[in-house]
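What follows is one structure encoded as structure tokens, with my remarks underneath.
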Amino acid sequence: MSSAEPKDAELEIRLATAEDAASISSVLFRSFIEYKSAYTAEGFAATCPEPEQIKKRLTEGPVWLALLQGTPVATVSAVSRGESLYIRGMAALPEARRLRIGERLMTEVETFASSLGCQHLFLSTTPFLSRAIALYERLGFRNYRESAVRIIARC
């Protein structure tokens, strides 16, 4: 484990509940606020849903929350789509980046996908989120098409 990687006692990754909706909404907003000017108003709103929208997501599939020393610092959610699993809402606070929490969250997603027998994982992102794209590519995801929204899939 690198010195930048949190110890297991410091990091907890768990399934979120409705009580976590405000924390998840806050993590998403605080993670993407630096990119707000690159989004359309609608795109930013979709990327940073309000707590009520998070509660709806909780009914559509699992949402994970990463807590570092008890403080919410990252999140990801997933939706089953037949033999595929759509990964969405992946975010880490700026101060939690480079701690490999995103990799740990993706391990949770992969375990869930495997339990469902999913054959494919996919997600969408925007080209200006280069750090996120680099993470996904390190994890074996590949670009599916270039556009305003970049689809990255792993089979």
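Identifiers in the structure tokens: chain A, B, ... in order shown; residue index from 1 per chain; ligand index from 1 in order shown.
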Self-check item: Secondary structure check, strand (DSSP E or B) residues of stretch 34-131 of chain A, as a PyMOL selection string
Solution: chain A and resi 63-68+71-81+84-92+120-125
Self-check item: Contacts of A:Ile133 at 10 Å (only C-alpha atoms; same-chain gap of 6+ positions) as a PyMOL selection string
Solution: chain A and resi 124-127+139+141-143+150+152
Quiz prompt | Coordinates-based distance that separates atom CA of A:Glu108 from atom CA of A:Phe29 (Å, one decimal) | solution =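 Computing the Euclidean distance for atom CA of A:Phe29 and atom CA of A:Glu108 yields 22.2 Å.
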Quiz item: Separation of atom CA of A:Gly43 and atom CA of A:Phe122, in Å?
Solution: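 About the pair atom CA of A:Gly43 and atom CA of A:Phe122: they are 18.8 Å apart.
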Self-check item: Gap from atom CA of A:Arg98 to atom CA of A:Val79 - Å, one decimal
Solution: 25.9 Å
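Among the candidates A:Gly89, A:Gly117, A:Gly140, A:Gly82, the one nearest to A:Phe44 when counting only C-alpha atoms is A:Gly89.
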Practice problem: Using only C-alpha atoms, pick whichever of A:Glu34, A:Glu52, A:Ile101, A:Leu11 has the shortest atom-to-atom distance to A:Thr71. | Solution: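 Counting only C-alpha atoms, the residue closest to A:Thr71 is A:Leu11.
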Exercise. Find the residues around stretch 12-22 of chain A up to 8 Å (only C-alpha atoms counted), leave out those fewer than 4 positions away in its own chain, and share them as a PyMOL selection string.
Key: chain A and resi 8+26+50-52+54-55+58+62-70+105
Quiz item: In terms of the shortest atom-to-atom distance over only C-alpha atoms, which of A:Leu129, A:Leu121, A:Ile87, A:Ala134 is closest to A:Ala38?
Solution: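 So, comparing all the options, the nearest one is A:Leu129.
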Self-check item: DSSP alpha helix (DSSP H) selection over stretch 1-79 of chain A, as a PyMOL selection string
Solution: chain A and resi 21-32+41-47+51-60
